[in-house]
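**Q** To be precise about what I am sending: the file is called entry.csv and holds CSV, C-alpha atoms.
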chain,number,residue,atom,x,y,z
F,1,MET,CA,128.7,89.9,61.5
F,2,PRO,CA,129.5,91.4,65.0
F,3,VAL,CA,131.8,89.3,67.2
F,4,MET,CA,130.2,88.2,70.5
F,5,LYS,CA,132.2,89.6,73.4
F,6,LYS,CA,133.4,86.8,75.8
F,7,ARG,CA,131.7,86.9,79.2
F,8,ILE,CA,134.2,87.8,82.0
F,9,SER,CA,134.5,85.0,84.5
F,10,ILE,CA,135.9,84.6,88.0
F,11,LYS,CA,138.7,82.6,86.4
F,12,ASP,CA,139.7,85.6,84.2
F,13,ILE,CA,139.9,87.9,87.2
F,14,ALA,CA,142.0,85.3,89.2
F,15,ARG,CA,144.4,84.8,86.2
F,16,GLN,CA,145.0,88.5,85.7
F,17,LEU,CA,145.8,89.0,89.4
F,18,ASN,CA,147.6,85.7,89.7
F,19,ILE,CA,145.5,84.6,92.7
F,20,SER,CA,143.2,81.7,93.3
F,21,ILE,CA,139.6,81.5,92.1
F,22,THR,CA,138.5,80.8,95.6
F,23,THR,CA,140.0,84.1,96.8
F,24,VAL,CA,138.2,86.1,94.1
F,25,SER,CA,135.0,84.3,95.0
F,26,PHE,CA,135.3,85.2,98.7
F,27,VAL,CA,135.9,88.9,97.9
F,28,ILE,CA,133.0,89.1,95.5
F,29,ASN,CA,130.7,87.4,98.0
F,30,GLY,CA,131.7,89.8,100.8
F,31,LYS,CA,133.7,87.3,102.8
F,32,ALA,CA,137.1,88.9,102.5
F,33,ARG,CA,137.3,89.9,106.2
F,34,GLU,CA,135.9,86.6,107.4
F,35,LYS,CA,138.6,84.8,105.4
F,36,ASN,CA,141.4,87.1,106.5
F,37,ILE,CA,142.0,88.5,103.0
F,38,SER,CA,144.0,91.7,103.1
F,39,GLU,CA,142.4,95.1,102.4
F,40,SER,CA,144.9,95.8,99.6
F,41,LEU,CA,144.1,92.5,97.8
F,42,THR,CA,140.4,93.0,98.4
F,43,LYS,CA,140.7,96.5,96.8
F,44,LYS,CA,142.6,95.1,93.8
F,45,VAL,CA,139.9,92.4,93.2
F,46,LEU,CA,137.0,94.9,93.5
F,47,ASP,CA,138.8,97.5,91.2
F,48,LEU,CA,139.3,94.9,88.5
F,49,VAL,CA,135.7,93.6,88.9
F,50,ALA,CA,134.5,97.2,88.3
F,51,GLU,CA,137.0,97.8,85.4
F,52,LEU,CA,135.9,94.6,83.6
F,53,ASN,CA,132.2,95.1,84.5
F,54,TYR,CA,132.1,91.5,85.8
F,55,GLN,CA,128.5,90.2,86.1
F,56,PRO,CA,128.1,86.9,88.1
F,57,ASN,CA,126.3,84.2,86.3
F,58,ALA,CA,123.0,84.0,88.1
F,59,LEU,CA,122.4,80.3,87.3
F,60,ALA,CA,125.9,79.3,88.5
F,61,THR,CA,125.5,81.3,91.6
F,62,SER,CA,122.2,79.8,92.5
F,63,LEU,CA,123.6,76.2,91.9
F,64,ARG,CA,126.5,77.0,94.2
F,65,THR,CA,124.6,78.7,97.0
F,66,GLY,CA,121.2,77.0,96.6
F,67,LYS,CA,119.7,80.5,96.4
F,68,THR,CA,118.3,82.3,93.4
F,69,LYS,CA,117.7,85.7,95.2
F,70,ILE,CA,114.2,85.7,93.6
F,71,ILE,CA,110.9,86.0,95.5
F,72,GLY,CA,107.5,85.1,94.1
F,73,PHE,CA,104.7,87.6,94.7
F,74,LEU,CA,101.1,86.4,93.9
F,75,VAL,CA,97.9,88.4,94.3
F,76,ASP,CA,94.5,88.7,92.6
F,77,ASP,CA,95.2,91.8,90.6
F,78,ILE,CA,98.4,93.8,91.0
F,79,SER,CA,96.9,96.8,89.3
F,80,GLU,CA,94.5,97.4,92.3
F,81,PRO,CA,95.8,100.4,94.4
F,82,PHE,CA,96.0,98.2,97.5
F,83,PHE,CA,98.2,95.5,96.0
F,84,ALA,CA,100.2,98.0,93.8
F,85,GLY,CA,101.1,100.1,96.9
F,86,ILE,CA,102.3,97.0,98.8
F,87,ALA,CA,104.2,95.6,95.7
F,88,ARG,CA,106.0,98.9,95.3
F,89,ARG,CA,107.4,99.0,98.8
F,90,ILE,CA,108.2,95.3,98.8
F,91,ASP,CA,110.2,95.8,95.6
F,92,GLU,CA,112.1,98.7,97.1
F,93,ILE,CA,113.1,96.7,100.2
F,94,ALA,CA,113.9,93.6,98.1
F,95,SER,CA,116.1,95.5,95.6
F,96,SER,CA,118.1,97.1,98.4
F,97,LEU,CA,119.0,93.6,99.6
F,98,GLY,CA,119.8,92.2,96.1
F,99,TYR,CA,116.5,90.3,95.6
F,100,LYS,CA,114.4,90.3,92.5
F,101,ILE,CA,110.6,89.9,92.6
F,102,LEU,CA,108.4,87.9,90.2
F,103,PHE,CA,105.1,89.8,90.3
F,104,SER,CA,102.0,87.9,89.1
F,105,SER,CA,98.2,88.4,89.1
F,106,THR,CA,95.8,85.4,89.2
F,107,ARG,CA,92.7,87.5,88.0
F,108,ASN,CA,90.6,85.3,90.3
F,109,ASP,CA,91.4,82.3,88.1
F,110,THR,CA,92.3,79.2,90.2
F,111,GLU,CA,93.9,77.3,87.3
F,112,LYS,CA,96.0,80.3,86.4
F,113,ALA,CA,97.0,80.6,90.1
F,114,ILE,CA,98.1,77.0,90.2
F,115,GLU,CA,100.1,77.5,87.0
F,116,LEU,CA,101.8,80.6,88.4
F,117,LEU,CA,102.7,78.8,91.5
F,118,GLN,CA,104.3,76.0,89.4
F,119,ILE,CA,106.3,78.6,87.5
F,120,PHE,CA,107.6,80.0,90.8
F,121,LYS,CA,108.6,76.4,91.9
F,122,ASP,CA,110.3,75.8,88.5
F,123,ARG,CA,112.3,79.0,88.9
F,124,HIS,CA,113.3,77.8,92.4
F,125,VAL,CA,112.3,81.1,94.1
F,126,ASP,CA,113.7,81.5,97.6
F,127,GLY,CA,110.3,82.5,99.1
F,128,TYR,CA,106.7,83.3,98.4
F,129,ILE,CA,104.6,86.3,99.3
F,130,MET,CA,100.8,85.9,98.6
F,131,ALA,CA,97.4,87.2,99.2
F,132,LEU,CA,96.1,83.7,99.1
F,133,PRO,CA,93.7,83.2,96.1
F,134,GLU,CA,90.6,81.2,96.6
F,135,GLY,CA,91.0,77.5,95.6
F,136,LEU,CA,94.8,77.5,96.2
F,137,GLU,CA,94.7,76.5,99.8
F,138,GLU,CA,95.7,72.8,99.3
F,139,GLU,CA,98.5,73.8,96.9
F,140,VAL,CA,99.9,76.3,99.4
F,141,LYS,CA,99.6,73.7,102.3
F,142,LYS,CA,101.7,71.3,100.2
F,143,LEU,CA,104.2,74.1,99.6
F,144,ILE,CA,104.5,74.9,103.3
F,145,GLN,CA,105.1,71.2,104.1
F,146,THR,CA,108.2,71.4,101.9
F,147,ASP,CA,109.5,74.0,104.4
F,148,ALA,CA,109.4,76.7,101.6
F,149,PRO,CA,109.3,80.2,103.2
F,150,VAL,CA,105.7,81.5,102.7
F,151,VAL,CA,104.3,84.7,104.0
F,152,LEU,CA,100.6,85.5,103.5
F,153,PHE,CA,99.0,88.9,103.7
F,154,ASP,CA,95.6,90.6,103.3
F,155,ARG,CA,93.6,87.5,104.1
F,156,TYR,CA,93.7,85.0,106.9
F,157,VAL,CA,92.9,81.3,106.3
F,158,PRO,CA,92.6,79.4,109.6
F,159,ASP,CA,93.4,76.1,107.8
F,160,VAL,CA,96.7,77.3,106.4
F,161,LYS,CA,99.3,77.3,109.1
F,162,THR,CA,102.0,79.8,108.1
F,163,ASP,CA,103.2,83.4,108.7
F,164,TYR,CA,100.6,86.2,108.2
F,165,VAL,CA,100.5,90.0,108.1
F,166,ILE,CA,96.9,91.1,108.2
F,167,ILE,CA,94.7,94.0,109.6
F,168,ASP,CA,91.9,94.0,112.1
F,169,ASN,CA,89.2,93.8,109.4
F,170,GLU,CA,86.2,93.3,111.7
F,171,ASN,CA,86.9,96.1,114.1
F,172,SER,CA,87.9,98.5,111.3
F,173,CYS,CA,84.5,97.9,109.6
F,174,TYR,CA,82.7,98.2,112.9
F,175,GLU,CA,84.3,101.6,113.5
F,176,ALA,CA,83.5,102.8,110.0
F,177,THR,CA,79.8,101.8,110.3
F,178,GLU,CA,79.6,103.3,113.9
F,179,HIS,CA,81.0,106.6,112.5
F,180,LEU,CA,78.0,106.8,110.1
F,181,ILE,CA,75.6,105.9,112.9
F,182,LYS,CA,77.0,108.6,115.2
F,183,ASN,CA,76.5,111.1,112.3
F,184,ASN,CA,72.7,110.3,112.4
F,185,TYR,CA,72.5,107.8,109.5
F,186,LYS,CA,69.9,105.1,110.1
F,187,ASN,CA,69.6,103.0,106.9
F,188,ILE,CA,73.1,102.0,106.1
F,189,GLY,CA,73.8,99.5,103.3
F,190,PHE,CA,76.8,97.3,103.0
F,191,VAL,CA,78.0,96.2,99.5
F,192,THR,CA,80.5,93.3,99.4
F,193,ILE,CA,81.2,90.3,97.2
F,194,ASP,CA,79.8,86.8,97.5
F,195,THR,CA,82.9,85.1,98.9
F,196,LEU,CA,84.2,83.0,101.8
F,197,GLN,CA,87.5,85.0,101.8
F,198,GLN,CA,88.1,85.6,105.5
F,199,GLN,CA,88.9,89.3,105.2
F,200,MET,CA,85.6,90.0,103.5
F,201,VAL,CA,83.7,87.8,105.9
F,202,ASP,CA,85.3,89.7,108.8
F,203,ARG,CA,84.3,93.1,107.3
F,204,LEU,CA,80.7,92.0,106.9
F,205,ALA,CA,80.8,90.8,110.5
F,206,GLY,CA,82.0,94.2,111.7
F,207,TYR,CA,79.2,96.0,109.8
F,208,GLU,CA,76.6,93.6,111.1
F,209,SER,CA,77.8,93.9,114.7
F,210,ALA,CA,77.6,97.7,114.6
F,211,VAL,CA,74.0,97.9,113.1
F,212,ARG,CA,72.9,95.2,115.6
F,213,LYS,CA,74.3,97.1,118.6
F,214,TYR,CA,72.3,100.2,117.6
F,215,ASN,CA,69.2,98.2,116.6
F,216,LEU,CA,69.4,99.3,112.9
F,217,PRO,CA,68.5,97.1,109.9
F,218,ALA,CA,71.3,95.1,108.1
F,219,ILE,CA,70.9,95.9,104.4
F,220,VAL,CA,73.5,93.7,102.6
F,221,GLU,CA,74.2,93.3,98.9
F,222,LYS,CA,76.6,90.4,98.0
F,223,ILE,CA,77.8,90.8,94.4
F,224,LYS,CA,78.9,87.7,92.4
F,225,TYR,CA,81.9,89.7,91.1
F,226,VAL,CA,82.9,88.8,87.5
F,227,ASN,CA,83.9,92.3,86.1
F,228,SER,CA,83.1,95.9,86.6
F,229,ALA,CA,80.2,96.1,84.1
F,230,GLU,CA,78.3,93.2,85.8
F,231,SER,CA,79.1,94.6,89.2
F,232,ILE,CA,77.5,98.0,88.3
F,233,GLU,CA,74.4,96.2,86.9
F,234,GLU,CA,73.9,94.4,90.2
F,235,MET,CA,74.4,97.6,92.1
F,236,ILE,CA,71.9,99.5,90.0
F,237,LYS,CA,69.2,96.9,90.9
F,238,PHE,CA,70.3,97.2,94.6
F,239,PHE,CA,70.1,101.0,94.9
F,240,LYS,CA,66.8,101.1,92.9
F,241,ALA,CA,65.3,98.5,95.3
F,242,GLU,CA,66.6,100.1,98.5
F,243,LYS,CA,65.5,103.7,98.0
F,244,GLN,CA,65.4,104.2,101.8
F,245,LEU,CA,69.3,104.0,102.1
F,246,ASP,CA,70.9,107.1,103.5
F,247,ALA,CA,74.4,105.7,103.7
F,248,VAL,CA,76.5,102.9,102.2
F,249,VAL,CA,79.8,101.1,103.1
F,250,PHE,CA,81.7,99.6,100.2
F,251,ALA,CA,83.8,96.6,101.4
F,252,ALA,CA,86.8,97.2,99.1
F,253,ASN,CA,88.2,99.9,96.8
F,254,TYR,CA,87.3,98.2,93.5
F,255,ILE,CA,83.7,97.7,94.8
F,256,CYS,CA,83.7,101.4,95.9
F,257,LEU,CA,84.9,102.5,92.4
F,258,ASP,CA,82.0,100.6,90.8
F,259,GLY,CA,79.7,101.9,93.4
F,260,LEU,CA,80.6,105.5,92.6
F,261,ARG,CA,80.0,104.9,88.9
F,262,THR,CA,76.6,103.4,89.8
F,263,LEU,CA,75.6,106.4,91.9
F,264,ARG,CA,76.6,108.7,89.1
F,265,LYS,CA,74.6,106.7,86.6
F,266,LEU,CA,71.5,106.9,88.8
F,267,GLY,CA,72.0,110.6,89.5
F,268,ILE,CA,72.4,109.9,93.3
F,269,LYS,CA,74.6,112.6,94.9
F,270,ILE,CA,77.3,111.8,97.4
F,271,HIS,CA,76.3,113.0,100.9
F,272,GLN,CA,73.4,115.1,99.6
F,273,ASP,CA,71.5,111.9,98.8
F,274,ILE,CA,73.6,109.2,100.4
F,275,ALA,CA,76.7,109.1,102.7
F,276,VAL,CA,79.6,106.9,101.4
F,277,VAL,CA,82.4,105.1,103.1
F,278,SER,CA,85.0,102.9,101.4
F,279,PHE,CA,87.0,100.1,102.9
F,280,ASP,CA,90.5,100.8,101.4
F,281,ASP,CA,91.6,104.4,100.7
F,282,PHE,CA,92.9,105.4,97.3
F,283,GLU,CA,93.8,108.6,95.6
F,284,ILE,CA,90.7,109.1,93.5
F,285,LEU,CA,88.5,109.3,96.7
F,286,GLU,CA,90.2,112.6,97.6
F,287,PHE,CA,89.1,114.2,94.3
F,288,CYS,CA,85.4,113.2,94.5
F,289,GLU,CA,82.9,115.9,95.3
F,290,PRO,CA,82.7,115.8,98.3
F,291,PRO,CA,85.8,113.7,99.1
F,292,VAL,CA,85.0,110.2,100.2
F,293,THR,CA,85.6,108.8,103.8
F,294,ALA,CA,87.7,105.7,103.8
F,295,VAL,CA,89.4,103.0,105.9
F,296,ALA,CA,93.1,103.3,105.1
F,297,GLN,CA,95.2,100.2,105.4
F,298,PRO,CA,98.9,100.8,106.4
F,299,LEU,CA,100.4,99.7,103.1
F,300,GLU,CA,104.0,100.5,104.0
F,301,SER,CA,103.8,98.8,107.3
F,302,ILE,CA,102.2,95.7,105.8
F,303,ALA,CA,105.0,95.5,103.2
F,304,GLU,CA,107.7,96.1,105.7
F,305,ASN,CA,106.4,93.4,108.1
F,306,VAL,CA,106.0,90.9,105.2
F,307,MET,CA,109.6,91.4,104.2
F,308,LYS,CA,110.9,91.3,107.7
F,309,ILE,CA,109.2,88.0,108.4
F,310,LEU,CA,110.3,86.5,105.0
F,311,LEU,CA,113.9,87.6,105.4
F,312,LYS,CA,114.0,86.0,108.9
F,313,LYS,CA,112.7,82.7,107.4
F,314,LEU,CA,115.2,82.9,104.5
F,315,LYS,CA,118.1,83.3,107.0
F,316,LYS,CA,116.9,80.3,109.0
F,317,ALA,CA,116.1,78.1,106.0
F,318,GLY,CA,115.9,74.5,106.9
F,319,LYS,CA,115.4,75.3,110.6
F,320,SER,CA,112.1,75.1,112.4
F,321,ILE,CA,110.9,78.5,113.6
F,322,GLU,CA,107.5,79.5,115.0
F,323,ASN,CA,105.0,81.1,112.7
F,324,THR,CA,104.6,84.9,113.1
F,325,GLN,CA,101.1,86.5,112.8
F,326,VAL,CA,101.0,90.3,112.8
F,327,SER,CA,97.7,92.2,112.9
F,328,LEU,CA,98.0,95.9,112.1
F,329,PRO,CA,95.6,98.8,112.9
F,330,THR,CA,93.9,100.9,110.2
F,331,VAL,CA,93.0,104.6,110.2
F,332,LEU,CA,89.5,106.0,109.3
F,333,ASN,CA,90.2,109.0,107.0
F,334,VAL,CA,87.0,111.1,107.6
F,335,ARG,CA,86.0,113.3,104.7
F,336,GLY,CA,82.9,115.2,103.5
F,337,SER,CA,81.0,112.1,102.1
F,338,SER,CA,80.0,111.0,105.6
F,339,ALA,CA,79.5,114.4,107.3
F,340,LYS,CA,76.6,114.7,109.7
F,341,LYS,CA,73.1,114.9,108.2
Render the structure in this file as structure tokens.
**A**
Amino acid sequence: MPVMKKRISIKDIARQLNISITTVSFVINGKAREKNISESLTKKVLDLVAELNYQPNALATSLRTGKTKIIGFLVDDISEPFFAGIARRIDEIASSLGYKILFSSTRNDTEKAIELLQIFKDRHVDGYIMALPEGLEEEVKKLIQTDAPVVLFDRYVPDVKTDYVIIDNENSCYEATEHLIKNNYKNIGFVTIDTLQQQMVDRLAGYESAVRKYNLPAIVEKIKYVNSAESIEEMIKFFKAEKQLDAVVFAANYICLDGLRTLRKLGIKIHQDIAVVSFDDFEILEFCEPPVTAVAQPLESIAENVMKILLKKLKKAGKSIENTQVSLPTVLNVRGSSAKK
């Protein structure tokens, strides 16, 4: 039977160098200069730490500092290109600063979301990053009342007073719809989900504002989104009923993907039969024939702003600071799917 190797402790390092445990702790935690520990002694400690491959005990460290260096990240579906892109950049920034991220998806299940939030609490995460799931508003309000650092992105909930990083959804959708109108499209459909999520409400408002300004009809399909198969079934009925459509705006990338599958099933050709614009850009759209025009959200900028705000809150934990609300612009990537008639 193999013998378990004894874990190296701060005490072992202190004993080998014949110095105090406190001195070793200060060096390991980057406080050598602050505590006037000489460079030669600091080097000896760090060299031995490297030689012995000392790994601090995470639990002991968190008990001593009150910090776990863990951040909870909660979204509907982390496999979606939008959330995946943000998660990747957040992970890069967090890793460079010694933080670990717990990534979780709610799959639009409120009970699961509440359970995941409880797991984050049980793990004593230092902060929370969320695209606030529907039905979790009260839980998050309670969390904020405990002074836990919470930064929300993607969707704005007026009732929940905390830090936000969002985009200008209404104006972005207005510009996308106006782009189609200026390219001579007159019967523009808008496919969204049946929800009260503020970002989706704002996107619909942007579309409605544009068609109203140009005295065009508002042709809206709200899908009760359960899964891709049911979404496609609903869209098939919509496109069959609205044969006059010459353009369509899909309100999110996963809706667009189902929409493209629907158009293919129905034999409707992009641009030739109907112009297409997606809210949210993703790689597949560039490889469609023709490539699909899309509203691109600034994923890196969203992630960087989220982390900047959260780190500021973590540094000032326990102190009252004003909430920060950042609204970022989008870019309309114009491609062949919405070219002039």
**Q** Given the choices F:Val249, F:Val191, F:Val140, F:Val27, which gets closest to Glu221 (chain F) if the distance is worked out from all atoms listed in the file?
**A**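 Ranked by minimum distance to Glu221 (chain F), first place goes to F:Val191.
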**Q** The residues within 6 Å of (107.0, 85.1, 95.5), using only C-alpha atoms and the coordinates of the file, should be reported as a list in words; which are they?
**A**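 Those residues lying close to the given coordinates are Ile71, Gly72, Phe73, Gly127, Tyr128 and Ile129 of chain F.
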**Q** Which residues come within 8 Å of region 211-219 of chain F, counting all atoms listed in the file, excluding same-chain residues fewer than 6 positions away, as an NGL selection string?
**A** :F and (177-178 or 186-190)
**Q** Leaving out Asn183 (chain F) and any residue of its chain fewer than 3 positions from it, which residues lie within 12 Å of it when counting all atoms listed in the file, given as a list in words?
**A**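 Once the nearby chain positions are removed, what remains is Ala176, Thr177, Glu178, His179, Leu180, Lys186, Asn187, Ile188, Asp246, Ala247, His271, Ala275, Val334, Gly336, Ser337, Ser338, Ala339, Lys340 and Lys341 of chain F.
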**Q** CA of Leu52 (chain F) and CA of Ile37 (chain F), how far apart in Å?
**A** 21.2 Å
**Q** Rounded to one decimal place, report the CA of Lys121 (chain F)-CA of Phe153 (chain F) distance in Å.
**A**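 Distance reported for this atom pair: 19.7 Å.
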**Q** I'd like the contact shell of Gln118 (chain F) - 12 Å cut-off, only C-alpha atoms, skipping same-chain residues fewer than 5 positions apart - returned as a PDB file with C-alpha atoms, in the frame of the given file.
**A**
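Output contents, as saved in selection.pdb:
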ATOM      1  CA  GLY F  72     107.500  85.100  94.100  1.00  0.00           C
ATOM      2  CA  LEU F  74     101.100  86.400  93.900  1.00  0.00           C
ATOM      3  CA  GLU F 111      93.900  77.300  87.300  1.00  0.00           C
ATOM      4  CA  LYS F 112      96.000  80.300  86.400  1.00  0.00           C
ATOM      5  CA  ALA F 113      97.000  80.600  90.100  1.00  0.00           C
ATOM      6  CA  ARG F 123     112.300  79.000  88.900  1.00  0.00           C
ATOM      7  CA  HIS F 124     113.300  77.800  92.400  1.00  0.00           C
ATOM      8  CA  VAL F 125     112.300  81.100  94.100  1.00  0.00           C
ATOM      9  CA  TYR F 128     106.700  83.300  98.400  1.00  0.00           C
ATOM     10  CA  LEU F 136      94.800  77.500  96.200  1.00  0.00           C
ATOM     11  CA  GLU F 139      98.500  73.800  96.900  1.00  0.00           C
ATOM     12  CA  VAL F 140      99.900  76.300  99.400  1.00  0.00           C
ATOM     13  CA  LEU F 143     104.200  74.100  99.600  1.00  0.00           C
TER      14      LEU F 143
END
**Q** Between CA of Asn18 (chain F) and CA of Leu46 (chain F), what is the distance, to one decimal in Å?
**A**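 If I compute the distance from CA of Asn18 (chain F) to CA of Leu46 (chain F), I get 14.5 Å.
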